[in-house]
Amino acid sequence: MSPPAPTATLAGRLMGDVRLRRRRALNRTMETVATLAAVAAVVVLAVVFVSVVIKGIGAINLDFLIHSEVPFGQSGGGIANAIVGTIVLVALASAMAIPVGILVGLHASEFARPRTAAAVRFALDLLNGVPTIVTGIFVFGLLVVGHTQSGYAGAFALAIVMLPIVARAAQEVLSLVPATVREGALALGATRWRAVVRVVLPTASSGLITGALLAVARAAGETAPLLFTSSILTTTGVSTNPGQTLVSIPLRIYQLAEGTSPSEHSEAWAAALLLILAVLAINVVARALYGRTRARMAAMQ
Amino acid sequence: MDDVPEASLSPTLPGVHKPAPSVRIRGLRAYYGDAERVKGIDLDLNANEVTAIIGPSGCGKSTMIRCINRMHEEIPGARSEGRVVLDDVNLYDPSVDVIAVRRTVGMVFQRPNPFPTMSIFDNVAAGPRLANRRRSDLQAAVRTALEGAGLWQEVADRLSEPATGLSGGQQQRLCIARSLAVDPEVILMDEPCSALDPTASLRIEQLIDELKRRVTIAIVTHNMQQAARVADRTAFMLDGELIEVGPTHHMFTSPSDPRTEDYVTGKFG
């Protein structure tokens with residue numbers, strides 16, 4: 001501790017000394033730096049988006065959307081098979097991850113003791129932090145070795161990526177449901193489970209959908225989990241059979257970008273534009289729904 | 001307060017008299033973790049009477065009535081012991097089903113808590129539905145419950161609208177209707193008017209007066225005028241203990257314990 005600054009007179013004290021001025025200058029500097037950092041983050045998003053639009057928009061046309069890829073050397077291929085493949089993969093992954101994720105969220109918010117709930121939350125955060133390539137290798141070892149790659153294996157890997165997102169969002173939004181609503185149901189003689197199904201889940205519904213949508217957006221853009229599980233293509237046409245491998249938009253972007261011809265590169269940009277638009281759209285819808293849930297909960301507090 | 005209608009609140013429920021059970025509370029203790037908040041209470045709720053429970057904030061009166069329908073034990077770490085005897089059945093007996101307890105002893109909460117995603121009709125029908133009871137006469141049961149809560153005339157033409165569109169006072173009467181729909185014998189009210197304006201409060205008080213013809217009622221209140229208006233008997237609690245219970249007029253005019261006198265005359269609380 002340094003001795004206090006000499007403040008002989010009230011005027012001297014109010015004018016501030018050198019140290020006070022220095023502190024104020026530091027304050028201004030850090031405020032500016034933080035603002036610049038925030039601007040930089042927005043600029044990065046804008047630059048990514050704008051450059052994808054500029055480079056991709058030219059190659060997007062109806063043929064690109066409704067045709068599948070063509071054999072090497074030919075031109076005029078599309079990504080219809082990748083679009084369909086991504087839809088099937090994500091739909092299958094959602095069917096696995098969303099019900100289980102909501103049940104995990106329910107366990108943490110409705111049934112578990114506080115300490116168990118905290119442990120579950122922590123585990124979910126860890127799972128969310130696992131590099132997706134590791135998830136891919138894990139599913140490769142579990143489902144692909146000794147069998148073949150398949151849409152099922154790819155969807156399972158995507159489901160592992162989705163699970164913690166769905167579960168954490170579910171747990172957060174369920175904990176926003178006012179205790180008075182639960183009590184109202186229990187006091188009518190409902191069991192906990194019936195109170196959850198008939199009253200708590202409907203109250204939280206749009207928030208639950210938000211979590212599911214965010215997970216869908218994340219899974220739609222994942223590449224690594226599919227690399228070992230659904231990447232060796234058996235057909236170039238549109239396929240909806242998850243028993244075989246299914247091509248996905250992110251993997252198709254990867255393959256096209258690795259290609260040698262300029263047309264492949266512009267197709268890669270076009271596919272990237274499509275993906276980024278879809279993911280942005282899903283995120284915007286998810287946020288809007290979440291805003292509605294919050295407003296409804298706030299009205300009940 | 002003159003604009004409250006004098007007419008009967010439930011014209012189609014012409015003074016249904018139904019004998020309700022008495023509630024005898026013996027040696028009731030309630031804990032949150034290790035903290036004892038209700039410290040051995042003996043109290044009778046007489047059949048078809050209104051018993052008001054008054055006392056300063058934090059004295060354990062809400063906790064006490066939440067032990068009567070065993071809602072207290074829903075709070076993590078909370079437990080209670082003692083006996084709560086309905087006529088001659090101890091609600092804490094191991095053979096008694098807690099679900100059945102709550103369907104016999106209804107509860108109305110401090111703030112109106114209609115189910116936010118349900119319509120007016122569905123809120124009232126929630127009790128039978130949550131119990132998975134297929135009732136062919138659900139329509140009639142909902143109407144009777146709404147009439148019993150004096151709300152039928154106000155909502156008859158908009159039963160399918162969301163319950164959250166009702167005013168605070170209407171929502172609270174909807175919650176009363178919701179608890180009536182499962183045919184309770186006893187109704188517990190935990191400061192049911194604390195979130196309502198005086199007019200809406202008076203309406204609830206009139207309703208309580210009607211309801212006691214069919215149910216036994218316990219009401220926790222901070223409002224001593226309210227206790228004086230609605231209660232046949234009043235119990236005064238302090239720091240988890242029952243200090244005194246007696247006929248309401250007696251409690252407010254000549255209480256036997258000086259602490260009761262201090263509280264009802266506003267010296268503390």
# chains A, B, ... in the order shown; residues from 1 in each chain; ligands from 1

$ interface_residues --of "chain A" --to "chain B" --cutoff "6 Å" --atoms "only C-alpha atoms" --output "ChimeraX atom specification"
/A:181,187-190,203

$ write_last_selection --atoms "C-alpha atoms" --output "compact mmCIF listing (two decimals), in the first residue's frame"
# COMPACT_ATOMS: atom_id res chain seq x y z
CA VAL A 181 -46.41 -23.70 -12.25
CA ALA A 187 -51.02 -29.67 -5.68
CA LEU A 188 -53.71 -31.04 -8.00
CA GLY A 189 -52.40 -34.53 -7.33
CA ALA A 190 -50.24 -34.94 -10.42
CA THR A 203 -44.60 -24.18 -20.93

$ residues_around --residues "range 220-228 of chain B" --least-positions-apart "3" --cutoff "12 Å" --atoms "only C-alpha atoms" --output "VMD selection string"
chain B and resid 50 to 66 107 to 110 187 to 195 198 201 to 206 208 to 209 217 231 to 237 247 to 253 260 263 to 266 269

$ write_last_selection --atoms "C-alpha atoms" --output "PDB file, in the first residue's frame"
ATOM      1  CA  VAL B  50     -62.511 -21.033   8.002  1.00  0.00           C
ATOM      2  CA  THR B  51     -59.379 -20.963  10.128  1.00  0.00           C
ATOM      3  CA  ALA B  52     -57.056 -18.023   9.542  1.00  0.00           C
ATOM      4  CA  ILE B  53     -53.370 -18.372  10.340  1.00  0.00           C
ATOM      5  CA  ILE B  54     -51.685 -15.073  11.070  1.00  0.00           C
ATOM      6  CA  GLY B  55     -48.187 -14.124  12.185  1.00  0.00           C
ATOM      7  CA  PRO B  56     -45.184 -12.122  11.091  1.00  0.00           C
ATOM      8  CA  SER B  57     -43.240 -12.982   7.928  1.00  0.00           C
ATOM      9  CA  GLY B  58     -41.062 -16.039   8.340  1.00  0.00           C
ATOM     10  CA  CYS B  59     -42.997 -17.414  11.315  1.00  0.00           C
ATOM     11  CA  GLY B  60     -43.631 -20.692   9.482  1.00  0.00           C
ATOM     12  CA  LYS B  61     -47.329 -20.276   8.729  1.00  0.00           C
ATOM     13  CA  SER B  62     -46.989 -21.055   5.017  1.00  0.00           C
ATOM     14  CA  THR B  63     -44.704 -23.988   5.783  1.00  0.00           C
ATOM     15  CA  MET B  64     -47.256 -25.247   8.283  1.00  0.00           C
ATOM     16  CA  ILE B  65     -50.188 -25.333   5.868  1.00  0.00           C
ATOM     17  CA  ARG B  66     -47.967 -26.822   3.147  1.00  0.00           C
ATOM     18  CA  MET B 107     -54.348 -25.610  -2.425  1.00  0.00           C
ATOM     19  CA  VAL B 108     -54.493 -22.041  -3.706  1.00  0.00           C
ATOM     20  CA  PHE B 109     -51.228 -20.162  -3.907  1.00  0.00           C
ATOM     21  CA  GLN B 110     -50.000 -16.685  -3.136  1.00  0.00           C
ATOM     22  CA  ILE B 187     -58.817 -26.158   0.739  1.00  0.00           C
ATOM     23  CA  LEU B 188     -55.626 -24.475   1.886  1.00  0.00           C
ATOM     24  CA  MET B 189     -55.060 -20.877   0.848  1.00  0.00           C
ATOM     25  CA  ASP B 190     -51.607 -19.366   1.131  1.00  0.00           C
ATOM     26  CA  GLU B 191     -52.117 -15.591   1.151  1.00  0.00           C
ATOM     27  CA  PRO B 192     -54.522 -15.863  -1.787  1.00  0.00           C
ATOM     28  CA  CYS B 193     -55.141 -12.121  -2.010  1.00  0.00           C
ATOM     29  CA  SER B 194     -51.656 -10.745  -1.543  1.00  0.00           C
ATOM     30  CA  ALA B 195     -51.253 -10.101  -5.285  1.00  0.00           C
ATOM     31  CA  PRO B 198     -58.935  -4.641  -2.741  1.00  0.00           C
ATOM     32  CA  SER B 201     -59.696  -9.489  -2.669  1.00  0.00           C
ATOM     33  CA  LEU B 202     -63.186  -8.825  -1.388  1.00  0.00           C
ATOM     34  CA  ARG B 203     -64.613 -11.022  -4.115  1.00  0.00           C
ATOM     35  CA  ILE B 204     -62.336 -13.881  -3.004  1.00  0.00           C
ATOM     36  CA  GLU B 205     -63.404 -13.309   0.587  1.00  0.00           C
ATOM     37  CA  GLN B 206     -67.082 -13.599  -0.357  1.00  0.00           C
ATOM     38  CA  ILE B 208     -64.465 -18.219   0.822  1.00  0.00           C
ATOM     39  CA  ASP B 209     -67.637 -17.573   2.797  1.00  0.00           C
ATOM     40  CA  ILE B 217     -60.681 -23.981   4.820  1.00  0.00           C
ATOM     41  CA  ALA B 231     -62.309 -16.508   9.620  1.00  0.00           C
ATOM     42  CA  ASP B 232     -64.385 -18.325  12.202  1.00  0.00           C
ATOM     43  CA  ARG B 233     -61.247 -19.030  14.174  1.00  0.00           C
ATOM     44  CA  THR B 234     -57.811 -17.478  14.045  1.00  0.00           C
ATOM     45  CA  ALA B 235     -54.456 -18.963  14.964  1.00  0.00           C
ATOM     46  CA  PHE B 236     -51.433 -16.804  15.751  1.00  0.00           C
ATOM     47  CA  MET B 237     -47.984 -18.210  14.993  1.00  0.00           C
ATOM     48  CA  PRO B 247     -62.611 -17.590  17.887  1.00  0.00           C
ATOM     49  CA  THR B 248     -61.631 -14.710  15.639  1.00  0.00           C
ATOM     50  CA  HIS B 249     -63.459 -11.961  17.533  1.00  0.00           C
ATOM     51  CA  HIS B 250     -61.852 -13.175  20.723  1.00  0.00           C
ATOM     52  CA  MET B 251     -58.357 -13.141  19.156  1.00  0.00           C
ATOM     53  CA  PHE B 252     -58.774  -9.559  17.994  1.00  0.00           C
ATOM     54  CA  THR B 253     -60.499  -8.131  21.059  1.00  0.00           C
ATOM     55  CA  THR B 260     -50.914 -11.977  20.272  1.00  0.00           C
ATOM     56  CA  TYR B 263     -49.205  -8.420  16.989  1.00  0.00           C
ATOM     57  CA  VAL B 264     -52.876  -7.757  16.334  1.00  0.00           C
ATOM     58  CA  THR B 265     -52.541  -4.192  17.598  1.00  0.00           C
ATOM     59  CA  GLY B 266     -49.635  -3.637  15.236  1.00  0.00           C
ATOM     60  CA  GLY B 269     -44.808  -7.684  12.515  1.00  0.00           C
TER      61      GLY B 269
END

$ select_by_dssp --residues "range 52-267 of chain A" --states "alpha helix (DSSP H)" --output "ChimeraX atom specification"
/A:52-56,62-66,80-106,114-129,132-139,151-176,179-187,192-195,201-203,205-220,224-227,249-258,262-267

$ closest_atom_pairs --of "range 42-151 of chain A" --to "range 273-297 of chain A" --cutoff "10 Å" --atoms "only C-alpha atoms" --output "tab-separated table"
residue	atom	partner	partner_atom	distance
A:Val48	CA	A:Ile276	CA	9.8
A:Phe49	CA	A:Ile276	CA	7.8
A:Val50	CA	A:Leu273	CA	9.6
A:Ser51	CA	A:Leu273	CA	9.4
A:Val52	CA	A:Leu273	CA	5.7
A:Val53	CA	A:Leu273	CA	6.0
A:Ile54	CA	A:Leu273	CA	9.2
A:Lys55	CA	A:Leu273	CA	8.6
A:Gly56	CA	A:Leu273	CA	5.8
A:Ile57	CA	A:Leu273	CA	7.4
A:Ala59	CA	A:Leu273	CA	10.0
A:Ile60	CA	A:Leu274	CA	8.5
A:Leu65	CA	A:Leu274	CA	9.6
A:Ile83	CA	A:Leu275	CA	9.3

$ closest_residue --among "B:Glu161, B:Glu147, B:Glu244, B:Asp239" --to "Asn123 in chain B" --atoms "only C-alpha atoms"
B:Glu161

$ closest_residue --among "A:Val139, A:Ile66, A:Leu186, A:Trp193" --to "Ile79 in chain A" --atoms "only C-alpha atoms"
A:Ile66

$ closest_residue --among "A:Val200, A:Val70, A:Ala185, A:Val238" --to "Leu256 in chain A" --atoms "only C-alpha atoms"
A:Val70

$ select_by_dssp --residues "range 36-217 of chain B" --states "strand (DSSP E)" --output "PyMOL selection string"
chain B and resi 36-45+50-54+78-86+89-90+105-108+186-190+216-217

$ atom_distance --atom1 "CA of Ala82 in chain A" --atom2 "CA of Ala212 in chain A"
21.9 Å

$ closest_residue --among "B:Glu49, B:Asp34, B:Glu81, B:Asp122" --to "Arg213 in chain B" --atoms "only C-alpha atoms"
B:Glu49

$ closest_residue --among "A:Tyr254, A:Ala217, A:Phe64, A:Ala11" --to "Asn81 in chain A" --atoms "only C-alpha atoms"
A:Phe64

$ atom_distance --atom1 "CA of Val130 in chain A" --atom2 "CA of Pro164 in chain A"
10.5 Å

$ residues_around --residues "Ala93 in chain A" --least-positions-apart "5" --cutoff "8 Å" --atoms "only C-alpha atoms" --output "PyMOL selection string"
chain A and resi 155-159+162
